[in-house]
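J.: File name my_file33.cif; file contents mmCIF, C-alpha atoms; full text below.
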```cif
data_upload
loop_
_atom_site.label_atom_id
_atom_site.label_comp_id
_atom_site.auth_asym_id
_atom_site.auth_seq_id
_atom_site.Cartn_x
_atom_site.Cartn_y
_atom_site.Cartn_z
CA MET A 433 143.23 76.86 85.84
CA GLY A 434 146.55 77.59 87.55
CA GLY A 435 145.14 80.87 88.86
CA VAL A 436 142.23 79.08 90.53
CA SER A 437 144.47 76.47 92.18
CA ASP A 438 146.81 79.23 93.38
CA TYR A 439 143.83 81.07 94.89
CA VAL A 440 142.63 77.89 96.65
CA LYS A 441 146.18 77.22 97.92
CA GLU A 442 146.48 80.80 99.21
CA THR A 443 143.11 80.53 100.95
CA ILE A 444 144.06 77.24 102.64
CA ASP A 445 147.41 78.72 103.69
CA SER A 446 145.70 81.80 105.12
CA ILE A 447 143.33 79.57 107.15
CA ARG A 448 146.28 77.50 108.41
CA SER A 449 148.22 80.59 109.41
CA ILE A 450 145.43 81.96 111.58
CA GLN A 451 146.65 82.44 115.12
CA VAL A 452 144.54 81.61 118.17
CA ARG A 453 144.10 85.26 119.09
CA GLN A 454 143.05 86.13 115.56
CA LEU A 455 140.60 83.22 115.53
CA LEU A 456 139.12 84.37 118.83
CA LEU A 457 138.76 87.87 117.41
CA GLN A 458 136.88 86.49 114.40
CA ILE A 459 134.58 84.44 116.68
CA ILE A 460 133.89 87.48 118.88
CA THR A 461 133.15 89.62 115.81
CA LEU A 462 130.74 86.98 114.52
CA GLY A 463 129.15 86.77 117.97
CA MET A 464 128.70 90.54 118.03
CA ILE A 465 126.99 90.50 114.63
CA VAL A 466 124.60 87.75 115.77
CA SER A 467 123.99 89.53 119.10
CA LEU A 468 123.28 92.83 117.35
CA ALA A 469 120.74 91.14 115.08
CA LEU A 470 119.09 89.53 118.11
CA ILE A 471 119.03 92.83 120.03
CA MET A 472 117.44 94.58 117.05
CA TRP A 473 114.81 91.84 116.74
CA LYS A 474 113.96 91.89 120.46
CA GLY A 475 113.90 95.69 120.37
CA LEU A 476 111.39 95.59 117.53
CA ILE A 477 109.25 93.13 119.52
CA CYS A 478 109.19 95.55 122.48
CA PHE A 479 108.55 98.59 120.27
CA THR A 480 105.71 97.07 118.23
CA GLY A 481 104.16 94.95 120.99
CA SER A 482 104.01 92.07 118.52
CA GLU A 483 105.77 88.75 119.08
CA SER A 484 106.67 88.68 115.39
CA PRO A 485 107.08 92.23 114.02
CA VAL A 486 107.97 91.15 110.48
CA VAL A 487 106.26 88.27 108.66
CA VAL A 488 106.36 86.85 105.14
CA VAL A 489 103.16 86.10 103.18
CA LEU A 490 103.22 82.41 102.19
CA SER A 491 99.87 81.98 100.42
CA GLY A 492 97.67 83.77 97.90
CA SER A 493 94.61 84.09 100.14
CA MET A 494 94.98 87.89 100.37
CA GLU A 495 95.60 88.55 96.68
CA PRO A 496 95.67 90.95 94.93
CA GLY A 497 96.50 93.05 98.01
CA PHE A 498 99.26 90.85 99.38
CA GLN A 499 101.09 88.39 97.20
CA ARG A 500 103.26 85.45 98.11
CA GLY A 501 106.69 86.76 99.06
CA ASP A 502 105.56 90.14 100.41
CA ILE A 503 106.95 91.20 103.78
CA LEU A 504 104.47 92.63 106.30
CA PHE A 505 105.29 94.93 109.19
CA LEU A 506 103.13 94.31 112.23
CA ASN A 507 102.15 96.40 115.21
CA MET A 508 99.92 95.28 118.05
CA GLY A 509 99.20 98.42 120.07
CA ASP A 510 96.52 98.85 122.72
CA ALA A 511 93.74 99.95 120.37
CA PRO A 512 90.90 97.41 120.06
CA VAL A 513 90.71 95.26 116.93
CA ARG A 514 88.23 96.59 114.37
CA ALA A 515 86.63 95.27 111.17
CA GLY A 516 88.70 95.87 108.05
CA GLU A 517 92.04 95.55 109.80
CA ILE A 518 94.45 92.94 108.50
CA VAL A 519 95.62 90.79 111.38
CA VAL A 520 98.13 87.98 111.77
CA PHE A 521 96.80 85.24 114.02
CA ASN A 522 97.75 81.86 115.40
CA VAL A 523 95.28 79.01 115.50
CA ASP A 524 95.62 76.22 118.07
CA GLY A 525 97.17 73.18 116.41
CA ARG A 526 98.66 75.14 113.49
CA LYS A 527 102.33 76.07 113.36
CA ILE A 528 102.21 78.76 110.67
CA PRO A 529 100.37 82.05 111.43
CA ILE A 530 97.67 83.30 109.03
CA VAL A 531 97.31 86.83 107.59
CA HIS A 532 93.63 87.68 106.99
CA ARG A 533 91.15 90.54 107.30
CA VAL A 534 88.73 91.04 110.20
CA ILE A 535 85.08 90.99 109.07
CA LYS A 536 83.20 90.78 112.39
CA VAL A 537 83.87 92.15 115.87
CA HIS A 538 81.89 91.71 119.10
CA GLU A 539 83.37 93.41 122.17
CA ASN A 540 82.01 92.20 125.51
CA ARG A 541 80.87 95.02 127.77
CA GLU A 542 81.85 93.35 131.07
CA THR A 543 85.06 91.49 130.28
CA GLY A 544 86.35 93.66 127.43
CA GLU A 545 87.14 90.43 125.56
CA VAL A 546 86.78 90.71 121.80
CA ASP A 547 85.32 88.02 119.53
CA VAL A 548 86.74 88.36 116.03
CA LEU A 549 85.94 86.60 112.75
CA THR A 550 88.37 86.78 109.83
CA LYS A 551 88.37 86.10 106.09
CA GLY A 552 90.95 86.11 103.31
CA ASP A 553 90.19 88.72 100.63
CA ASN A 554 90.69 86.08 97.95
CA ASN A 555 88.71 83.36 99.77
CA TYR A 556 85.03 82.67 99.22
CA GLY A 557 84.03 82.05 102.83
CA ASP A 558 85.16 83.07 106.31
CA ASP A 559 87.91 81.35 108.30
CA ARG A 560 85.86 79.14 110.61
CA LEU A 561 87.06 76.11 108.67
CA LEU A 562 90.65 77.11 109.49
CA TYR A 563 90.03 77.57 113.22
CA ALA A 564 90.34 74.74 115.72
CA ASP A 565 87.45 72.26 115.99
CA GLY A 566 84.42 73.92 117.56
CA GLN A 567 86.07 77.36 117.56
CA LEU A 568 83.80 80.08 116.20
CA TRP A 569 85.78 83.19 117.09
CA LEU A 570 89.33 84.43 117.52
CA ASN A 571 90.23 86.30 120.70
CA ARG A 572 92.98 88.80 121.43
CA LYS A 573 95.29 86.00 122.63
CA HIS A 574 95.26 84.49 119.12
CA ILE A 575 96.23 87.75 117.40
CA MET A 576 99.96 88.37 116.94
CA GLY A 577 99.65 91.81 115.40
CA ARG A 578 97.95 93.97 112.82
CA SER A 579 99.53 94.83 109.51
CA VAL A 580 100.59 98.46 109.13
CA GLY A 581 102.80 98.32 106.04
CA PHE A 582 104.48 96.02 103.59
CA LEU A 583 107.29 95.60 101.09
CA PRO A 584 106.70 93.54 97.95
CA TYR A 585 108.90 90.60 96.82
CA VAL A 586 111.50 90.91 99.62
CA GLY A 587 110.25 87.79 101.38
CA TRP A 588 111.05 85.47 98.48
CA VAL A 589 114.53 84.92 99.97
CA THR A 590 112.92 83.48 103.11
CA ILE A 591 110.52 81.34 101.08
CA PHE A 592 113.38 79.87 99.01
CA MET A 593 115.34 79.08 102.17
CA THR A 594 112.32 77.49 103.86
CA GLU A 595 111.41 75.38 100.85
CA LYS A 596 115.00 74.44 99.98
CA PRO A 597 116.98 74.17 103.25
CA VAL A 598 120.12 73.24 101.28
CA ILE A 599 120.40 76.88 100.11
CA LYS A 600 120.30 78.01 103.75
CA TYR A 601 123.13 75.65 104.77
CA ILE A 602 125.26 76.60 101.75
CA LEU A 603 124.79 80.30 102.55
CA ILE A 604 125.75 79.78 106.21
CA ALA A 605 128.82 77.78 105.14
CA VAL A 606 129.92 80.46 102.66
CA LEU A 607 129.46 83.21 105.26
CA GLY A 608 131.42 81.15 107.78
CA VAL A 609 134.32 80.70 105.34
CA LEU A 610 134.25 84.42 104.49
CA VAL A 611 134.45 85.31 108.18
CA LEU A 612 137.42 82.98 108.61
CA VAL A 613 139.41 84.15 105.59
CA SER A 614 138.59 87.88 105.71
CA MET B 952 152.31 109.88 96.42
CA PHE B 953 149.34 112.24 96.70
CA LEU B 954 147.26 109.88 94.54
CA LYS B 955 148.08 106.96 96.86
CA TRP B 956 147.12 109.08 99.88
CA LEU B 957 143.84 110.08 98.22
CA ILE B 958 142.97 106.46 97.45
CA MET B 959 143.83 105.31 100.98
CA ARG B 960 141.85 108.19 102.45
CA SER B 961 138.82 107.38 100.30
CA TRP B 962 139.01 103.72 101.33
CA SER B 963 139.04 104.62 105.03
CA LEU B 964 136.13 107.05 104.61
CA LYS B 965 134.10 104.52 102.59
CA SER B 966 132.67 107.38 100.51
CA PRO B 967 130.24 105.94 97.92
CA CYS B 968 130.99 108.78 95.48
CA ILE B 969 134.75 108.18 95.59
CA GLU B 970 134.19 104.41 95.38
CA ILE B 971 132.15 104.91 92.21
CA LEU B 972 134.84 107.29 90.90
CA GLN B 973 137.49 104.64 91.54
CA ILE B 974 135.46 102.11 89.60
CA LEU B 975 134.96 104.47 86.68
CA VAL B 976 138.61 105.49 86.34
CA GLU B 977 139.84 101.91 86.84
CA ILE B 978 142.05 102.66 89.86
CA PRO B 979 142.72 99.48 91.84
CA LEU B 980 141.64 99.82 95.46
CA ILE B 981 144.42 99.73 98.03
CA LYS B 982 144.20 98.79 101.68
CA ILE B 983 146.83 99.15 104.39
CA HIS B 984 147.73 95.94 106.19
CA SER B 985 149.85 96.03 109.29
CA SER B 986 152.32 93.33 110.11
CA VAL B 987 154.62 93.10 113.11
CA VAL B 988 158.31 92.80 112.28
CA SER B 989 160.41 91.54 115.13
CA VAL B 990 163.59 93.60 115.49
CA ALA B 991 164.85 92.58 118.92
CA PRO B 992 163.49 90.46 121.76
CA SER B 993 162.74 93.56 123.80
CA PHE B 994 160.64 95.56 121.30
CA SER B 995 158.91 95.48 117.93
CA VAL B 996 158.11 98.07 115.28
CA GLN B 997 155.05 98.43 113.07
CA ALA B 998 155.71 98.19 109.34
CA PHE B 999 153.12 98.81 106.64
CA ARG B 1000 152.71 97.21 103.27
CA LEU B 1001 150.29 98.04 100.50
CA GLU B 1002 148.27 95.22 99.05
CA GLY B 1003 146.22 95.39 95.83
CA MET B 1004 142.70 94.14 96.41
CA HIS B 1005 140.52 91.72 94.43
CA THR B 1006 139.33 94.54 92.24
CA PHE B 1007 136.39 92.81 90.55
CA LEU B 1008 134.74 91.56 93.76
CA TYR B 1009 135.32 94.76 95.68
CA ARG B 1010 134.07 96.90 92.80
CA LEU B 1011 131.00 94.71 92.42
CA ASN B 1012 130.35 94.96 96.16
CA ALA B 1013 130.75 98.76 96.06
CA VAL B 1014 128.40 99.14 93.09
CA LEU B 1015 125.73 96.82 94.53
CA SER B 1016 125.88 98.38 98.01
CA PHE B 1017 125.62 101.90 96.66
CA ALA B 1018 122.88 100.95 94.17
CA LEU B 1019 120.78 99.32 96.90
CA LEU B 1020 121.27 102.29 99.21
CA ALA B 1021 120.26 104.71 96.45
CA LEU B 1022 117.26 102.56 95.52
CA ALA B 1023 116.07 102.42 99.14
CA ALA B 1024 116.44 106.19 99.50
CA ILE B 1025 114.51 106.83 96.26
CA CYS B 1026 111.73 104.41 97.33
CA ILE B 1027 111.35 106.10 100.72
CA ALA B 1028 111.36 109.58 99.17
CA ALA B 1029 108.85 108.53 96.51
CA SER B 1030 106.47 106.93 99.00
CA MET B 1031 106.60 110.07 101.16
CA THR B 1032 105.27 112.14 98.24
CA ASP B 1033 102.07 110.11 98.60
CA MET B 1034 101.44 111.80 101.97
CA ILE B 1035 100.71 115.15 100.33
CA HIS B 1036 97.99 113.58 98.15
CA LYS B 1037 94.55 114.97 99.05
CA SER B 1038 91.28 113.14 98.39
CA ASN B 1039 87.59 114.02 98.63
CA PRO B 1040 85.54 110.81 98.33
CA SER B 1041 81.75 110.97 98.19
CA VAL B 1042 79.68 108.10 99.60
CA ASP B 1043 76.00 107.33 100.11
CA ILE B 1044 74.36 104.28 101.70
CA LYS B 1045 70.63 103.61 101.91
CA VAL B 1046 68.69 100.68 103.33
CA LEU B 1047 66.13 99.81 100.66
CA LYS B 1048 64.27 97.17 102.68
CA PHE B 1049 64.54 94.38 105.21
CA ASP B 1050 63.83 91.06 103.56
CA GLY B 1051 63.69 89.03 106.74
CA LEU B 1052 64.35 89.14 110.47
CA ARG B 1053 64.39 85.85 112.34
CA GLU B 1054 65.91 83.96 115.20
CA ILE B 1055 68.29 81.16 114.25
CA TYR B 1056 70.07 78.94 116.82
CA GLY B 1057 69.48 81.51 119.57
CA ASN B 1058 70.80 84.48 117.56
CA ASP B 1059 68.95 87.07 115.48
CA GLU B 1060 69.60 87.15 111.74
CA ALA B 1061 68.58 89.88 109.30
CA ARG B 1062 68.57 90.10 105.53
CA VAL B 1063 68.84 93.62 104.20
CA ALA B 1064 68.86 95.21 100.73
CA LEU B 1065 71.36 98.04 100.36
CA ASN B 1066 71.87 100.83 97.86
CA ILE B 1067 75.57 101.71 97.97
CA SER B 1068 76.95 104.46 95.77
CA ALA B 1069 80.39 106.05 95.92
CA ASP B 1070 82.99 108.02 94.04
CA LEU B 1071 86.37 107.05 95.47
CA SER B 1072 88.43 107.92 92.40
CA SER B 1073 90.14 110.85 94.14
CA ILE B 1074 91.75 108.41 96.62
CA PHE B 1075 93.81 106.81 93.85
CA SER B 1076 97.37 108.07 93.46
CA TRP B 1077 100.44 106.68 91.69
CA ASN B 1078 101.14 104.52 94.78
CA THR B 1079 97.65 102.99 95.14
CA LYS B 1080 97.57 99.28 94.43
CA GLN B 1081 93.96 98.68 95.43
CA LEU B 1082 91.09 99.86 97.60
CA PHE B 1083 89.35 97.33 99.78
CA VAL B 1084 85.91 98.86 100.24
CA PHE B 1085 83.41 97.45 102.71
CA VAL B 1086 80.19 98.42 104.43
CA ALA B 1087 79.83 97.49 108.10
CA ALA B 1088 76.82 97.61 110.41
CA GLU B 1089 77.72 99.02 113.83
CA TYR B 1090 75.57 98.89 116.95
CA THR B 1091 75.63 98.34 120.70
CA THR B 1092 73.69 95.82 122.80
CA PRO B 1093 73.30 95.21 126.55
CA LYS B 1094 75.89 92.40 126.30
CA ASN B 1095 78.36 94.01 123.89
CA SER B 1096 79.73 97.54 124.00
CA TRP B 1097 80.65 97.31 120.32
CA ASN B 1098 79.39 95.16 117.45
CA GLN B 1099 80.72 95.51 113.93
CA ILE B 1100 79.57 93.24 111.11
CA SER B 1101 80.82 93.49 107.54
CA LEU B 1102 77.82 93.24 105.20
CA TRP B 1103 79.32 93.92 101.79
CA ASP B 1104 82.78 94.40 100.30
CA SER B 1105 84.54 94.98 97.02
CA ILE B 1106 88.12 95.19 95.79
CA ILE B 1107 88.83 98.11 93.45
CA THR B 1108 92.09 97.92 91.53
CA ALA B 1109 91.56 100.67 88.94
CA LYS B 1110 90.62 104.34 89.22
CA GLU B 1111 87.89 103.89 86.58
CA ASP B 1112 86.13 101.32 88.78
CA ALA B 1113 86.16 103.61 91.83
CA VAL B 1114 82.88 105.26 90.78
CA PHE B 1115 80.17 102.67 91.39
CA GLN B 1116 76.65 101.91 92.52
CA ALA B 1117 75.64 98.58 94.04
CA LEU B 1118 72.07 97.46 94.71
CA GLU B 1119 72.64 94.29 96.70
CA TYR B 1120 71.59 92.20 99.65
CA ASN B 1121 74.12 91.76 102.42
CA LYS B 1122 76.94 89.59 101.08
CA TYR B 1123 77.84 88.18 104.52
CA ALA B 1124 75.49 86.85 107.19
CA PHE B 1125 74.05 89.62 109.36
CA ILE B 1126 73.88 87.70 112.64
CA ASP B 1127 73.86 89.11 116.16
CA GLN B 1128 75.40 87.60 119.31
CA GLY B 1129 72.05 87.11 121.01
CA LYS B 1130 68.50 88.27 120.26
CA ASN B 1131 68.78 92.05 120.16
CA PHE B 1132 67.86 93.09 116.61
CA ARG B 1133 64.14 93.85 116.98
CA GLY B 1134 63.65 97.62 117.08
CA LEU B 1135 67.41 98.23 117.47
CA SER B 1136 69.08 101.30 115.94
CA PHE B 1137 72.31 100.83 113.99
CA ASN B 1138 74.80 102.73 111.85
CA LEU B 1139 76.18 101.82 108.45
CA THR B 1140 79.76 102.83 107.75
CA MET B 1141 81.68 102.55 104.53
CA TYR B 1142 85.39 101.94 105.02
CA TRP B 1143 88.03 102.11 102.34
CA HIS B 1144 91.28 100.36 103.16
CA VAL B 1145 93.96 101.88 100.95
CA MET B 1146 96.60 99.34 100.03
CA PRO B 1147 99.63 100.98 98.43
CA LYS B 1148 102.16 99.47 96.05
CA THR B 1149 104.58 99.71 98.96
CA THR B 1150 104.90 101.15 102.51
CA MET B 1151 102.08 102.25 104.83
CA MET B 1152 98.41 101.28 104.60
CA TYR B 1153 95.59 103.42 105.94
CA ILE B 1154 91.81 103.36 106.37
CA GLY B 1155 89.25 106.06 105.60
CA SER B 1156 85.54 105.94 106.45
CA LYS B 1157 82.17 107.66 106.35
CA SER B 1158 79.26 106.80 108.68
CA PHE B 1159 75.51 107.01 108.17
CA THR B 1160 73.18 106.96 111.18
CA GLY B 1161 69.47 106.58 111.83
CA PHE B 1162 68.84 103.05 110.58
CA LYS B 1163 66.50 100.80 112.57
CA PHE B 1164 65.55 97.13 112.52
CA PRO B 1165 61.87 96.15 112.24
CA ASP B 1166 60.07 95.69 115.55
CA ASN B 1167 58.99 92.10 114.87
CA TYR B 1168 60.31 88.92 113.28
CA PHE B 1169 59.02 88.15 109.79
#
```
For the structure just supplied, provide its representation as structure tokens.

T.:
Amino acid sequence: MGGVSDYVKETIDSIRSIQVRQLLLQIITLGMIVSLALIMWKGLICFTGSESPVVVVLSGSMEPGFQRGDILFLNMGDAPVRAGEIVVFNVDGRKIPIVHRVIKVHENRETGEVDVLTKGDNNYGDDRLLYADGQLWLNRKHIMGRSVGFLPYVGWVTIFMTEKPVIKYILIAVLGVLVLVS
Amino acid sequence: MFLKWLIMRSWSLKSPCIEILQILVEIPLIKIHSSVVSVAPSFSVQAFRLEGMHTFLYRLNAVLSFALLALAAICIAASMTDMIHKSNPSVDIKVLKFDGLREIYGNDEARVALNISADLSSIFSWNTKQLFVFVAAEYTTPKNSWNQISLWDSIITAKEDAVFQALEYNKYAFIDQGKNFRGLSFNLTMYWHVMPKTTMMYIGSKSFTGFKFPDNYF
């Protein structure tokens, strides 16, 4: 017990003894880490042409192919959308994007606009019930990217943090303390 | 003295092998901390002191970091071996009959009976999680430069199930954007979307041409 209290006392003393210059250095280091992460993310967006290059699967509608907690890597590219591709799309009025497979494509000869219909592999019917009222097709503007690869289970961390925000705040607090005392 | 130098050197190099060695032989890690000792108002000298580190936490960190790095490297190397896998799938699609061609809400709709047979077992490798197999009708119309409609699909999760024959009507509605079906030629293509246990997905296909819709509604 004495060892723990000594450790706490030492930690508090080390925080108290931090000089202004040292504190500024810590803040700048933290800022650089955050900036680097942001630069990497924005770089990925430019490279893949997708506004969200990495997404986490939140539902079981694409099982057994994709399970809840899988991380998907997206790429938009210039190639036209084709049947069989797995796309991530946004629907008007819905905050969370959906990951489903394209089952129908109609590409207009004059405008080049593509009408796309999607369906979850594990769903009985197509996605018209998920689209906005009166919407029969998705267009290119709705599609965020097409899935090119995935990693299983890695996304569970994100799911836990989304469902239990307390964990997120605790983690941020712990990291903050570590930055201060290291 | 040499031992201390070796430990300090290994710490500065962050060599995973030496870190693991340190853990195994129970040598506490040592880091150099610099502190400024004021000697006179005009100048200061740099003095060094050695400080023993929190051995358990640092060792745990070293082991976990190295283990994750090794695991990632092994996963990447293993998934790359899948690239050398060669496959020779055989596929055949026949249209048995049209069981209806009509106009519904301003669009043509067809009902078609298909005979689909395939042997896709050679596609399966150690890294194959499933095959998503589907048959799509592909055609062009005056309005659209490309039309692609999925008629039938199946998910194959085992190599034994990759040899199959299906005599079925189209599973999904075969509806055009407009009234273009009568007498129109179309292709049927089987696609197999290979979904691995991890990493990259890819699609293979085989097309069959020369199919034609009936000339009249019935």

J.: What residues in chain B have any atom no more than 9 Å from chain A when counting all atoms listed in the file, and can you write them as a PDB file with C-alpha atoms, in the coordinates of the input?

T.:
```pdb
ATOM      1  CA  LYS B1080      97.570  99.280  94.430  1.00  0.00           C
ATOM      2  CA  GLN B1081      93.960  98.680  95.430  1.00  0.00           C
ATOM      3  CA  LEU B1082      91.090  99.860  97.600  1.00  0.00           C
ATOM      4  CA  PHE B1083      89.350  97.330  99.780  1.00  0.00           C
ATOM      5  CA  VAL B1084      85.910  98.860 100.240  1.00  0.00           C
ATOM      6  CA  PHE B1085      83.410  97.450 102.710  1.00  0.00           C
ATOM      7  CA  ALA B1087      79.830  97.490 108.100  1.00  0.00           C
ATOM      8  CA  THR B1092      73.690  95.820 122.800  1.00  0.00           C
ATOM      9  CA  PRO B1093      73.300  95.210 126.550  1.00  0.00           C
ATOM     10  CA  LYS B1094      75.890  92.400 126.300  1.00  0.00           C
ATOM     11  CA  ASN B1095      78.360  94.010 123.890  1.00  0.00           C
ATOM     12  CA  SER B1096      79.730  97.540 124.000  1.00  0.00           C
ATOM     13  CA  TRP B1097      80.650  97.310 120.320  1.00  0.00           C
ATOM     14  CA  ASN B1098      79.390  95.160 117.450  1.00  0.00           C
ATOM     15  CA  GLN B1099      80.720  95.510 113.930  1.00  0.00           C
ATOM     16  CA  ILE B1100      79.570  93.240 111.110  1.00  0.00           C
ATOM     17  CA  SER B1101      80.820  93.490 107.540  1.00  0.00           C
ATOM     18  CA  LEU B1102      77.820  93.240 105.200  1.00  0.00           C
ATOM     19  CA  ILE B1106      88.120  95.190  95.790  1.00  0.00           C
ATOM     20  CA  THR B1108      92.090  97.920  91.530  1.00  0.00           C
ATOM     21  CA  TYR B1123      77.840  88.180 104.520  1.00  0.00           C
ATOM     22  CA  ASP B1127      73.860  89.110 116.160  1.00  0.00           C
ATOM     23  CA  GLN B1128      75.400  87.600 119.310  1.00  0.00           C
ATOM     24  CA  TYR B1142      85.390 101.940 105.020  1.00  0.00           C
ATOM     25  CA  TRP B1143      88.030 102.110 102.340  1.00  0.00           C
ATOM     26  CA  HIS B1144      91.280 100.360 103.160  1.00  0.00           C
ATOM     27  CA  MET B1146      96.600  99.340 100.030  1.00  0.00           C
ATOM     28  CA  PRO B1147      99.630 100.980  98.430  1.00  0.00           C
ATOM     29  CA  LYS B1148     102.160  99.470  96.050  1.00  0.00           C
ATOM     30  CA  THR B1149     104.580  99.710  98.960  1.00  0.00           C
ATOM     31  CA  THR B1150     104.900 101.150 102.510  1.00  0.00           C
ATOM     32  CA  MET B1151     102.080 102.250 104.830  1.00  0.00           C
ATOM     33  CA  MET B1152      98.410 101.280 104.600  1.00  0.00           C
ATOM     34  CA  TYR B1153      95.590 103.420 105.940  1.00  0.00           C
ATOM     35  CA  ILE B1154      91.810 103.360 106.370  1.00  0.00           C
TER      36      ILE B1154
END
```

J.: Calculate how many Å separate atom CA of B:Glu1111 from atom CA of B:Ser1038, rounding to one decimal.

T.: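 Atom CA of B:Glu1111 sits 15.4 Å away from atom CA of B:Ser1038.
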
J.: What is the atom CA of A:Leu455-atom CA of A:Ser437 distance in Å, reported with one decimal?

T.: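 These atoms are spaced 24.6 Å apart.
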
J.: In Å, how far is it from atom CA of A:Ser467 to atom CA of A:Val531?

T.: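 Going from atom CA of A:Ser467 over to atom CA of A:Val531, I get 29.2 Å.
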
J.: Would you pick out the contacts of A:Met576 at 8 Å or less, using only C-alpha atoms, so that residues sharing its chain but fewer than 5 positions from it are not included, and give the list as a short mmCIF file (atom, residue, chain, number, x, y, z; two decimals) with C-alpha atoms, in the frame of the given file?

T.:
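Ended up saving to selection_9.cif:
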```cif
data_model
loop_
_atom_site.label_atom_id
_atom_site.label_comp_id
_atom_site.auth_asym_id
_atom_site.auth_seq_id
_atom_site.Cartn_x
_atom_site.Cartn_y
_atom_site.Cartn_z
CA SER A 482 104.01 92.07 118.52
CA GLU A 483 105.77 88.75 119.08
CA SER A 484 106.67 88.68 115.39
CA MET A 508 99.92 95.28 118.05
CA VAL A 519 95.62 90.79 111.38
CA VAL A 520 98.13 87.98 111.77
CA PHE A 521 96.80 85.24 114.02
CA ASN A 522 97.75 81.86 115.40
#
```

J.: Counting all atoms listed in the file, which residues have an atom no more than 6 Å from (77.9, 98.9, 114.7) in the file's coordinates? Please list them as a ChimeraX atom specification.

T.: /B:1088-1090,1098-1099,1137-1138

J.: Could you tell me which residues the PyMOL selection byres ((chain B and resi 1060-1071) around 8) returns for this structure, as a ChimeraX atom specification?

T.: /B:1039-1055,1058-1059,1072-1075,1113-1121,1124-1127,1132

J.: I'd like the contact shell of stretch 473-481 of chain A - 10 Å cut-off, all atoms listed in the file, skipping same-chain residues fewer than 4 positions apart - returned as a list in words.

T.: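 Counting only the stated atoms, we get Ser467, Leu468, Ala469, Pro485, Val486, Phe505, Leu506, Asn507, Met508, Gly509, Asp510, Met576, Gly577 and Arg578 of chain A.
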
J.: Restricting the calculation to only C-alpha atoms: of A:Arg560, A:Arg533, A:Lys441, A:Arg500, which residue gets closest to A:Gly587?

T.: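 Of A:Arg560, A:Arg533, A:Lys441, A:Arg500, the one nearest A:Gly587, counting only C-alpha atoms, is A:Arg500.
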
J.: Could you spell out the hits of the PyMOL selection byres ((chain A and resi 591) around 12) on the shown file, as a PyMOL selection string?

T.: chain A and resi 487-491+500-503+585-590+592-597+599-600
